[in-house]
$ cat upload_38.cif   # mmCIF, C-alpha atoms
data_protein
loop_
_atom_site.label_atom_id
_atom_site.label_comp_id
_atom_site.auth_asym_id
_atom_site.auth_seq_id
_atom_site.Cartn_x
_atom_site.Cartn_y
_atom_site.Cartn_z
CA MET A 1 47.60 32.39 156.67
CA HIS A 2 48.98 35.70 155.73
CA ALA A 3 52.55 35.75 154.60
CA GLY A 4 54.87 37.48 157.11
CA LYS A 5 55.96 41.00 156.26
CA ARG A 6 59.47 41.24 154.95
CA LYS A 7 61.73 43.23 157.33
CA SER A 8 63.44 46.20 155.67
CA ALA A 9 67.22 46.47 156.06
CA PHE A 10 70.13 48.26 154.50
CA THR A 11 71.96 46.35 151.86
CA LEU A 12 75.74 46.28 151.86
CA ILE A 13 75.83 48.67 148.92
CA GLU A 14 73.57 51.13 150.72
CA LEU A 15 75.78 51.02 153.81
CA LEU A 16 78.85 51.67 151.70
CA VAL A 17 77.13 54.63 150.05
CA VAL A 18 76.21 56.08 153.46
CA ILE A 19 79.79 55.62 154.73
CA ALA A 20 81.15 57.26 151.57
CA ILE A 21 78.83 60.26 152.03
CA ILE A 22 79.86 60.63 155.68
CA ALA A 23 83.54 60.44 154.72
CA LEU A 24 82.99 63.07 152.03
CA LEU A 25 81.24 65.39 154.48
CA MET A 26 84.02 64.91 157.03
CA SER A 27 86.66 65.75 154.43
CA VAL A 28 84.80 68.97 153.69
CA LEU A 29 83.99 69.93 157.28
CA LEU A 30 87.28 69.12 159.04
CA PRO A 31 89.34 71.81 157.26
CA VAL A 32 86.56 74.31 157.91
CA LEU A 33 86.45 73.38 161.60
CA GLY A 34 90.24 73.50 161.80
CA LYS A 35 90.28 76.98 160.28
CA ALA A 36 87.54 78.15 162.64
CA ARG A 37 89.54 76.79 165.60
CA LYS A 38 92.65 78.68 164.48
CA GLN A 39 90.64 81.87 164.02
CA ALA A 40 89.20 81.52 167.52
CA LYS A 41 92.70 81.09 168.97
CA ALA A 42 93.92 84.12 167.01
CA VAL A 43 91.11 86.21 168.52
CA ALA A 44 92.02 84.92 171.99
CA CYS A 45 95.66 85.79 171.29
CA GLN A 46 94.72 89.37 170.47
CA ALA A 47 92.69 89.56 173.68
CA LEU A 48 95.76 88.51 175.69
CA LEU A 49 97.93 91.08 173.93
CA ARG A 50 95.34 93.70 174.75
CA GLN A 51 95.85 92.73 178.40
CA TRP A 52 99.58 93.31 177.96
CA GLY A 53 98.75 96.74 176.61
CA TYR A 54 96.85 97.40 179.84
CA ILE A 55 99.75 96.13 181.94
CA PHE A 56 102.28 98.44 180.29
CA SER A 57 99.80 101.30 180.35
CA PHE A 58 99.32 100.88 184.12
CA TYR A 59 103.07 100.63 184.61
CA THR A 60 103.86 103.81 182.66
CA GLN A 61 101.10 105.70 184.51
CA ASP A 62 102.81 104.81 187.80
CA HIS A 63 106.35 105.58 186.59
CA ASN A 64 106.31 109.06 185.07
CA ASN A 65 105.19 107.65 181.71
CA LEU A 66 108.44 105.66 181.35
CA PHE A 67 108.81 102.01 180.39
CA PRO A 68 110.84 99.59 182.56
CA GLU A 69 114.64 99.70 182.58
CA HIS A 70 114.99 95.92 182.18
CA LEU A 71 113.82 93.18 179.82
CA GLY A 72 111.26 90.44 180.32
CA LEU A 73 107.49 90.07 180.52
CA ARG A 74 107.50 88.02 183.72
CA ARG A 75 109.55 90.42 185.83
CA ASP A 76 108.33 91.01 189.37
CA TYR A 77 107.74 94.71 188.73
CA LEU A 78 105.12 93.76 186.10
CA ARG A 79 103.52 90.89 187.98
CA CYS A 80 101.80 93.22 190.42
CA TYR A 81 99.78 94.52 187.46
CA TYR A 82 98.77 91.01 186.36
CA LYS A 83 96.36 90.79 189.27
CA SER A 84 94.73 94.19 188.89
CA ARG A 85 90.96 94.23 188.98
CA GLU A 86 90.85 95.72 185.49
CA LEU A 87 92.57 92.64 184.07
CA LEU A 88 90.91 89.96 186.17
CA LYS A 89 87.41 91.09 185.27
CA ASP A 90 88.03 89.90 181.68
CA MET A 91 89.58 86.56 182.63
CA GLN A 92 87.64 83.31 182.76
CA PRO A 93 87.02 81.58 186.12
CA GLY A 94 90.06 79.50 187.09
CA GLU A 95 92.29 81.09 184.45
CA ASP A 96 95.86 81.46 185.71
CA VAL A 97 97.45 84.87 185.31
CA ASP A 98 100.53 83.10 183.93
CA GLU A 99 98.39 82.24 180.89
CA LEU A 100 98.89 85.87 179.87
CA ALA A 101 102.39 84.93 178.72
CA LEU A 102 101.23 82.15 176.38
CA CYS A 103 99.66 82.53 172.96
CA PRO A 104 96.77 80.01 172.65
CA MET A 105 98.51 78.66 169.54
CA ALA A 106 101.82 78.12 171.37
CA LYS A 107 101.54 76.69 174.88
CA ARG A 108 103.61 73.50 174.66
CA PRO A 109 107.28 73.87 175.67
CA TYR A 110 110.10 73.17 173.26
CA GLY A 111 111.42 69.70 174.00
CA GLU A 112 107.98 68.52 175.12
CA GLY A 113 106.31 68.45 171.74
CA GLY A 114 106.39 72.19 171.09
CA TYR A 115 108.12 73.51 168.00
CA ILE A 116 108.57 76.84 166.22
CA PRO A 117 106.27 78.65 165.56
CA TYR A 118 103.84 76.78 167.85
CA GLY A 119 106.06 76.26 170.90
CA ALA A 120 106.75 78.08 174.16
CA HIS A 121 110.22 78.84 175.51
CA TYR A 122 111.24 78.47 179.15
CA CYS A 123 113.29 81.32 180.55
CA THR A 124 115.38 80.94 183.68
CA TYR A 125 116.83 84.44 183.89
CA SER A 126 116.69 86.04 187.32
CA GLY A 127 113.38 87.72 187.97
CA TYR A 128 111.30 86.26 185.15
CA GLU A 129 111.37 82.49 185.23
CA GLY A 130 108.69 80.56 183.39
CA LEU A 131 107.13 79.74 180.04
CA SER A 132 106.32 82.34 177.43
CA SER A 133 105.43 82.50 173.76
CA TYR A 134 105.20 86.31 173.71
CA GLY A 135 107.96 88.90 173.76
CA HIS A 136 108.35 92.65 173.91
CA ASN A 137 110.34 95.12 171.84
CA SER A 138 113.78 95.62 173.44
CA TRP A 139 113.84 99.18 172.07
CA ILE A 140 111.07 100.39 174.41
CA THR A 141 113.08 100.28 177.66
CA SER A 142 113.98 103.50 179.45
CA LYS A 143 117.66 102.45 179.60
CA THR A 144 119.80 100.25 177.36
CA ALA A 145 119.13 96.70 178.50
CA ALA A 146 119.78 94.48 175.48
CA GLY A 147 122.98 93.82 173.57
CA GLY A 148 123.17 95.95 170.45
CA THR A 149 120.81 98.69 171.65
CA ILE A 150 121.73 102.37 171.47
CA ASP A 151 120.37 104.86 174.00
CA SER A 152 119.32 107.46 171.40
CA TYR A 153 117.27 104.80 169.58
CA LEU A 154 115.20 103.85 172.64
CA TRP A 155 111.56 104.94 172.84
CA LYS A 156 111.64 105.06 176.67
CA THR A 157 108.15 106.54 176.91
CA ALA A 158 104.68 105.82 175.52
CA SER A 159 104.21 109.53 174.71
CA VAL A 160 105.37 109.42 171.09
CA ARG A 161 103.78 110.32 167.80
CA GLY A 162 102.89 107.41 165.56
CA GLY A 163 102.73 104.94 168.44
CA ASN A 164 100.37 102.79 166.37
CA LYS A 165 103.40 101.72 164.30
CA VAL A 166 105.79 101.03 167.19
CA PRO A 167 105.80 97.36 168.33
CA LEU A 168 105.28 96.74 172.05
CA VAL A 169 104.36 93.06 172.75
CA PHE A 170 103.93 90.33 170.16
CA ASP A 171 104.16 86.65 169.24
CA CYS A 172 107.79 85.70 169.85
CA ALA A 173 109.92 82.57 169.57
CA ALA A 174 112.51 83.13 172.32
CA TYR A 175 113.75 85.12 175.32
CA GLN A 176 110.56 87.17 175.95
CA ASN A 177 112.10 90.06 174.03
CA ALA A 178 113.53 90.88 170.62
CA CYS A 179 115.91 93.58 169.41
CA PRO A 180 115.44 93.82 165.63
CA HIS A 181 117.67 95.92 163.39
CA HIS A 182 116.77 97.30 159.97
CA TYR A 183 119.37 95.03 158.33
CA ASP A 184 118.07 91.81 159.93
CA LEU A 185 117.52 88.98 157.47
CA PRO A 186 114.33 86.94 157.44
CA PRO A 187 114.45 83.30 158.57
CA GLU A 188 116.07 81.02 156.03
CA TYR A 189 113.16 78.60 156.38
CA ASP A 190 109.93 78.27 158.35
CA GLY A 191 110.95 77.89 162.01
CA HIS A 192 114.53 79.16 161.69
CA ILE A 193 115.92 81.33 164.51
CA GLU A 194 119.36 81.88 166.04
CA HIS A 195 119.67 81.63 169.81
CA GLY A 196 121.91 83.90 171.84
CA THR A 197 123.64 85.70 168.98
CA ASN A 198 122.23 89.25 169.30
CA ALA A 199 121.92 89.11 165.52
CA HIS A 200 118.93 88.91 163.18
CA GLU A 201 116.51 88.95 166.09
CA MET A 202 113.69 89.77 163.69
CA ARG A 203 113.67 86.00 163.28
CA TYR A 204 112.26 85.70 166.81
CA VAL A 205 109.24 87.66 165.59
CA CYS A 206 108.92 86.56 161.95
CA LEU A 207 106.84 83.47 162.81
CA ASN A 208 104.22 81.83 160.64
CA ARG A 209 101.99 81.38 163.71
CA HIS A 210 98.77 82.97 162.44
CA ASP A 211 98.65 82.20 158.71
CA GLN A 212 101.45 84.41 157.37
CA ALA A 213 101.03 86.85 160.26
CA ILE A 214 101.56 87.47 163.95
CA ASN A 215 99.52 89.43 166.47
CA MET A 216 100.96 92.55 168.06
CA ALA A 217 100.23 95.22 170.66
CA PHE A 218 101.61 98.67 169.82
CA LEU A 219 102.95 101.62 171.76
CA ASP A 220 99.54 103.32 171.69
CA PHE A 221 98.25 100.09 173.34
CA SER A 222 96.19 99.10 170.29
CA VAL A 223 96.29 95.50 168.99
CA SER A 224 96.20 94.20 165.42
CA ARG A 225 97.36 91.46 163.09
CA VAL A 226 100.65 92.12 161.26
CA TRP A 227 101.62 90.36 158.06
CA LEU A 228 105.12 88.91 158.24
CA LYS A 229 106.33 90.88 155.24
CA GLY A 230 105.18 94.04 157.00
CA LEU A 231 107.40 93.59 160.06
CA TRP A 232 110.22 95.56 158.42
CA ASP A 233 107.78 98.44 157.76
CA LEU A 234 107.25 99.14 161.49
CA ASP A 235 109.12 101.66 163.61
CA TRP A 236 111.02 99.32 165.92
CA HIS A 237 113.27 102.14 167.21
CA ARG A 238 113.48 105.93 166.83
CA GLU A 239 115.97 105.86 163.95
CA TRP A 240 114.58 102.89 162.03
CA TRP A 241 113.96 104.78 158.78
CA GLY A 242 117.01 106.98 159.18
CA ALA A 243 119.32 103.97 159.04
CA GLU A 244 121.21 103.17 155.85
CA ASN A 245 119.50 100.60 153.61
CA ALA A 246 116.33 100.62 155.70
CA GLY A 247 113.49 98.76 154.04
CA ARG A 248 112.36 95.27 153.23
CA PRO A 249 114.84 92.42 152.71
CA ASP A 250 115.13 90.12 149.71
CA TRP A 251 112.34 87.54 150.05
CA ASN A 252 114.35 85.06 147.98
CA TYR A 253 116.80 84.72 150.87
CA GLY A 254 117.35 81.15 152.06
CA ASN A 255 114.87 78.80 150.46
CA GLY A 256 112.50 81.67 149.63
CA TRP A 257 109.73 80.31 151.85
CA MET A 258 108.23 83.80 152.34
CA ARG A 259 108.33 84.78 148.67
CA SER A 260 104.66 83.92 148.03
CA PHE A 261 103.39 85.39 151.31
CA ARG A 262 100.84 88.19 151.26
CA ASP A 263 102.16 91.74 150.94
CA PRO A 264 100.88 94.15 153.63
#

$ encode --input "upload_38.cif" --output "structure tokens"
Amino acid sequence: MHAGKRKSAFTLIELLVVIAIIALLMSVLLPVLGKARKQAKAVACQALLRQWGYIFSFYTQDHNNLFPEHLGLRRDYLRCYYKSRELLKDMQPGEDVDELALCPMAKRPYGEGGYIPYGAHYCTYSGYEGLSSYGHNSWITSKTAAGGTIDSYLWKTASVRGGNKVPLVFDCAAYQNACPHHYDLPPEYDGHIEHGTNAHEMRYVCLNRHDQAINMAFLDFSVSRVWLKGLWDLDWHREWWGAENAGRPDWNYGNGWMRSFRDP
């Protein structure tokens, strides 16, 4: 008789080695995959902001090149442009036009698991109810519409020089609009904002949503990434650089959480 062949099998040590290798590979790959996922969402965010550039471009073309008189991205006078053929051709099948108001990184409402900078706020003001994690610059309106705005500071029209440095629509933490002033302080800590104060509204925009940056559409309807420390370098209103003490704030303010952030 021939002796039976011995069946090959993994030993316990070999199994442990295989498991250790898999765990090591996972520890290397997961951060890479997570970073790739964030980058993909950042690209999708910029695509949505480009759509907002189209919306405001269509609006100004139909209104003597003037921006709206009132605040809010979800106003009825803008919604008619949501459904234009030019916008819908770039949207995925089944995609809701209301998705235009939500950054892919910030769709979950505050109070339902959402938190700053990755949450969405729910507005109930007349004419623009609904969720949003974007906002527009309060200084663009054709008439004073926000507390603290001055008529001579308003841009009112898209026909301005240097529109590539004037904020239009951007990642935002509250109210679907922001009215920054040159003297606004940065957030005291990551996720710090002040609701309903009409003060330091740069904090609505200074969000660490895209790795030390936010995405923004500008008055010339271009879109780009903006480093948080560079927010004070933009032309938020017509007299931004003419104001006393215009410039960047002290990054040591609060707990200094932005001190090590990248300079623009």

$ resolve_selection --input "upload_38.cif" --expression "the PyMOL selection byres ((chain A and resi 185-190) around 6)" --output "list in words"
Asp184, Gly191, His192, His200, Arg203, Gly254 and Trp257 of chain A

$ atom_distance --input "upload_38.cif" --atom1 "atom CA of Leu73 of chain A" --atom2 "atom CA of His136 of chain A"
7.1 Å

$ axis_aligned_box --input "upload_38.cif" --around "segment 15-25 of chain A" --padding-each-side "6 Å" --output "lines of an AutoDock Vina configuration file"
center_x = 79.7
center_y = 58.2
center_z = 152.9
size_x = 19.8
size_y = 26.4
size_z = 17.6

$ closest_residue --input "upload_38.cif" --among "A:Ile150, A:Ala173, A:Ile140, A:Ala36" --to "Cys123 of chain A" --atoms "all atoms listed in the file"
A:Ala173

$ resolve_selection --input "upload_38.cif" --expression "the PyMOL selection byres ((chain A and resi 154) around 7)" --output "list in words"
Trp139, Ile140, Thr141, Ser142, Ile150, Asp151, Ser152, Tyr153, Trp155, Lys156, His237 and Arg238 of chain A

$ resolve_selection --input "upload_38.cif" --expression "the PyMOL selection byres ((chain A and resi 221-227) around 12)" --output "PyMOL selection string"
chain A and resi 39+42-58+60+158-160+162-171+205-220+228-234+258+261-264

$ atom_distance --input "upload_38.cif" --atom1 "atom CA of Tyr118 of chain A" --atom2 "atom CA of Met105 of chain A"
5.9 Å

$ atom_distance --input "upload_38.cif" --atom1 "atom CA of Ile19 of chain A" --atom2 "atom CA of Arg37 of chain A"
25.7 Å

$ residues_around --input "upload_38.cif" --residues "Asn198 of chain A" --least-positions-apart "3" --cutoff "9 Å" --atoms "only C-alpha atoms" --output "ChimeraX atom specification"
/A:146-148,178-180,194-195,201
